[in-house]
Amino acid sequence: MRFLRRKSGLDPVTWLPDGWFIINDRKGPSTNQKAPDLPECIYPKWTRDDFDEETLNVNWEIVRNPARGSYSLTERPGYFRIWTRDGQLNEIRAKNTLVRREQELSYIASTKLDFYPTKNGEQAGLTCYYSTATYARFSLCYEEGRKLQLVINRNHGEELMAEVADIREQEIYLKVVVEKLTRKFYYSYDGEDWILAGVLENCIYLCDEGVPDDPKRHTGTLVGIYANNGGCGSRIPADFDFFEYIDE
């Protein structure tokens with residue numbers, strides 16, 4: 001049995017005129033430290049991004065180093081545009097994945113997507129993401145037609161869990177409702193009337209201890225949006241109007 005021990009410490013930081021800093025007056029890590037007398041600062045919980053700014057909110061994370069030129073907040077103002085590119089979610093080279101931390105065991109995440117795939121493999125949508133080995137994706141895609149697919153990876157390759165065919169050629173809302181280990185995926189054409197597309201009953205594989213044959217797990221689960229071309233080599237835009245995360 002392997003144990004992983006992690007420790008945290010707090011030491012004062014002094015910023016220098018050249019923009020660099022020193023920690024604890026160059027004395028090294030302290031055993032004991034006196035906390036500064038600072039006023040309490042409570043930040044409001046971040047729940048929604050309408051992509052109205054020209055830079056990403058600091059709460060977002062991009063899986064691996066961002067691929068410059070593959071996304072934009074300015075090409076279509078008010079939307080986060082992701083250009084499809086090579087690299088699927090189960091590949092290290094996949095970079096078009098924008099995620100935030102799960103902070104509750106139960107929450108609702110939703111987005112509005114404007115995307116018009118025409119080649120097999122092109123896909124964009126929501127993902128509940130742990131790593132290249134384990135994730136769930138709920139995507140608008142083209143597979144011999146315009147469809148929604150719910151796909152999972154439990155460290156043994158992708159598995160198609162549900163599919164909805166003949167999706168209209170218009171903007172579409174996607175939503176995941178997380179209730180502990182259960183995740184329900186919905187879609188809507190107007191953001192009011194929601195249709196259940198598929199249910200994942202036991203998502204234990206999306207946690208640190210969920211996959212015994214994948215020992216390097218300590219990052220925690222994320223949720224967000226993504227786009228790629230599924231290997232067909234195309235480059236088309238997937239425009240996300242907003243992303244919302246609400247705890248239950």
# chains A, B, ... in the order shown; residues from 1 in each chain; ligands from 1
>>> residues_around(residues="Pro212 (chain A)", least_positions_apart="4", cutoff="12 Å", atoms="only C-alpha atoms", output="PyMOL selection string")
chain A and resi 1+133-134+154-155+204-208+216-217
>>> closest_residue(among="A:Thr182, A:Thr55, A:Thr219, A:Ser8", to="Arg101 (chain A)", atoms="only C-alpha atoms")
A:Thr219
>>> residues_around(residues="Glu179 (chain A)", least_positions_apart="3", cutoff="12 Å", atoms="only C-alpha atoms", output="ChimeraX atom specification")
/A:104-109,176,182-185,199-203,247-248
>>> residues_around(residues="Pro117 (chain A)", least_positions_apart="2", cutoff="12 Å", atoms="only C-alpha atoms", output="PyMOL selection string")
chain A and resi 83-84+113-115+119-125+139-148+167-170+227-230+232+234-239
>>> write_last_selection(atoms="N, CA, C and O atoms", output="short mmCIF file (atom, residue, chain, number, x, y, z; two decimals), in the first residue's frame")
data_model
loop_
_atom_site.label_atom_id
_atom_site.label_comp_id
_atom_site.auth_asym_id
_atom_site.auth_seq_id
_atom_site.Cartn_x
_atom_site.Cartn_y
_atom_site.Cartn_z
N TRP A 83 -11.84 26.47 -31.69
CA TRP A 83 -11.68 25.86 -33.00
C TRP A 83 -11.35 24.39 -32.82
O TRP A 83 -10.47 24.02 -32.05
N THR A 84 -12.08 23.53 -33.54
CA THR A 84 -11.77 22.10 -33.46
C THR A 84 -10.36 21.86 -33.97
O THR A 84 -9.89 22.52 -34.90
N LEU A 113 -24.59 26.25 -26.80
CA LEU A 113 -23.60 25.96 -27.82
C LEU A 113 -24.15 26.25 -29.22
O LEU A 113 -25.27 25.86 -29.55
N ASP A 114 -23.35 26.93 -30.03
CA ASP A 114 -23.65 27.18 -31.44
C ASP A 114 -22.57 26.48 -32.26
O ASP A 114 -21.42 26.96 -32.33
N PHE A 115 -22.92 25.36 -32.91
CA PHE A 115 -21.91 24.49 -33.51
C PHE A 115 -22.55 23.71 -34.65
O PHE A 115 -23.65 23.17 -34.50
N LYS A 119 -18.64 16.75 -40.57
CA LYS A 119 -17.76 15.62 -40.84
C LYS A 119 -17.74 14.68 -39.64
O LYS A 119 -17.76 15.14 -38.49
N ASN A 120 -17.67 13.39 -39.91
CA ASN A 120 -17.61 12.41 -38.82
C ASN A 120 -16.43 12.71 -37.90
O ASN A 120 -15.30 12.89 -38.36
N GLY A 121 -16.70 12.77 -36.61
CA GLY A 121 -15.67 13.03 -35.62
C GLY A 121 -15.78 14.40 -34.98
O GLY A 121 -15.40 14.58 -33.82
N GLU A 122 -16.26 15.40 -35.72
CA GLU A 122 -16.36 16.75 -35.17
C GLU A 122 -17.32 16.76 -33.98
O GLU A 122 -18.43 16.24 -34.07
N GLN A 123 -16.88 17.37 -32.87
CA GLN A 123 -17.68 17.31 -31.64
C GLN A 123 -17.35 18.48 -30.73
O GLN A 123 -16.23 19.01 -30.73
N ALA A 124 -18.35 18.89 -29.96
CA ALA A 124 -18.17 19.95 -28.97
C ALA A 124 -19.29 19.82 -27.94
O ALA A 124 -20.40 19.40 -28.26
N GLY A 125 -18.97 20.19 -26.69
CA GLY A 125 -20.01 20.12 -25.67
C GLY A 125 -19.47 20.17 -24.26
O GLY A 125 -18.43 20.79 -23.99
N SER A 139 -21.79 15.57 -25.99
CA SER A 139 -21.37 16.43 -27.09
C SER A 139 -22.35 16.42 -28.24
O SER A 139 -22.99 15.41 -28.56
N LEU A 140 -22.43 17.59 -28.89
CA LEU A 140 -23.05 17.69 -30.19
C LEU A 140 -21.99 17.28 -31.20
O LEU A 140 -20.87 17.80 -31.18
N CYS A 141 -22.32 16.36 -32.08
CA CYS A 141 -21.31 15.81 -32.98
C CYS A 141 -21.93 15.46 -34.32
O CYS A 141 -23.16 15.56 -34.51
N TYR A 142 -21.08 15.05 -35.22
CA TYR A 142 -21.54 14.53 -36.51
C TYR A 142 -21.02 13.11 -36.64
O TYR A 142 -19.81 12.88 -36.68
N GLU A 143 -21.93 12.16 -36.68
CA GLU A 143 -21.60 10.76 -36.91
C GLU A 143 -22.66 10.21 -37.86
O GLU A 143 -23.71 9.73 -37.43
N GLU A 144 -22.40 10.37 -39.15
CA GLU A 144 -23.40 10.06 -40.18
C GLU A 144 -24.69 10.83 -39.93
O GLU A 144 -25.79 10.35 -40.18
N GLY A 145 -24.56 12.04 -39.44
CA GLY A 145 -25.69 12.90 -39.13
C GLY A 145 -25.43 13.68 -37.86
O GLY A 145 -24.51 13.38 -37.09
N ARG A 146 -26.23 14.71 -37.66
CA ARG A 146 -26.08 15.61 -36.50
C ARG A 146 -26.73 14.95 -35.28
O ARG A 146 -27.94 14.69 -35.27
N LYS A 147 -25.93 14.69 -34.24
CA LYS A 147 -26.39 13.91 -33.09
C LYS A 147 -25.87 14.51 -31.78
O LYS A 147 -24.94 15.31 -31.76
N LEU A 148 -26.47 14.05 -30.70
CA LEU A 148 -25.91 14.22 -29.36
C LEU A 148 -25.45 12.86 -28.89
O LEU A 148 -26.15 11.86 -29.07
N ILE A 167 -30.69 15.99 -34.43
CA ILE A 167 -30.67 17.24 -33.67
C ILE A 167 -30.80 18.42 -34.63
O ILE A 167 -30.16 18.47 -35.67
N ARG A 168 -31.64 19.38 -34.27
CA ARG A 168 -31.90 20.52 -35.13
C ARG A 168 -30.63 21.35 -35.37
O ARG A 168 -29.75 21.42 -34.52
N GLU A 169 -30.59 21.99 -36.51
CA GLU A 169 -29.46 22.86 -36.84
C GLU A 169 -29.72 24.26 -36.29
O GLU A 169 -30.15 25.17 -37.00
N GLN A 170 -29.47 24.41 -35.01
CA GLN A 170 -29.63 25.67 -34.31
C GLN A 170 -28.82 25.62 -33.03
O GLN A 170 -28.22 24.60 -32.71
N ALA A 227 -13.95 21.13 -27.43
CA ALA A 227 -14.24 20.87 -28.84
C ALA A 227 -13.02 20.21 -29.46
O ALA A 227 -11.88 20.54 -29.13
N ASN A 228 -13.25 19.26 -30.36
CA ASN A 228 -12.16 18.70 -31.17
C ASN A 228 -12.75 18.11 -32.45
O ASN A 228 -13.97 18.11 -32.64
N ASN A 229 -11.88 17.62 -33.30
CA ASN A 229 -12.37 17.13 -34.60
C ASN A 229 -12.43 15.61 -34.70
O ASN A 229 -12.70 15.08 -35.78
N GLY A 230 -12.17 14.92 -33.60
CA GLY A 230 -12.30 13.47 -33.61
C GLY A 230 -11.36 12.76 -34.54
O GLY A 230 -11.55 11.58 -34.86
N CYS A 232 -10.62 13.85 -37.74
CA CYS A 232 -10.89 14.07 -39.16
C CYS A 232 -10.06 15.20 -39.74
O CYS A 232 -10.06 15.41 -40.96
N SER A 234 -10.35 18.53 -39.35
CA SER A 234 -11.01 19.79 -39.68
C SER A 234 -10.76 20.86 -38.62
O SER A 234 -10.36 20.58 -37.50
N ARG A 235 -11.05 22.09 -39.01
CA ARG A 235 -10.95 23.24 -38.11
C ARG A 235 -12.20 24.09 -38.32
O ARG A 235 -12.30 24.86 -39.27
N ILE A 236 -13.18 23.93 -37.42
CA ILE A 236 -14.41 24.71 -37.49
C ILE A 236 -14.69 25.28 -36.10
O ILE A 236 -14.24 24.74 -35.08
N PRO A 237 -15.44 26.39 -36.00
CA PRO A 237 -15.66 27.02 -34.70
C PRO A 237 -16.82 26.39 -33.93
O PRO A 237 -17.86 26.05 -34.48
N ALA A 238 -16.61 26.26 -32.62
CA ALA A 238 -17.67 25.91 -31.67
C ALA A 238 -17.80 27.10 -30.72
O ALA A 238 -16.84 27.45 -30.03
N ASP A 239 -18.96 27.75 -30.72
CA ASP A 239 -19.15 28.98 -29.96
C ASP A 239 -20.03 28.70 -28.74
O ASP A 239 -21.19 28.27 -28.87
#
>>> closest_residue(among="A:Pro39, A:Gly78, A:Pro29, A:Gly69", to="Lys95 (chain A)", atoms="only C-alpha atoms")
A:Gly69
>>> atom_distance(atom1="CA of Ile172 (chain A)", atom2="CA of Phe242 (chain A)")
11.7 Å
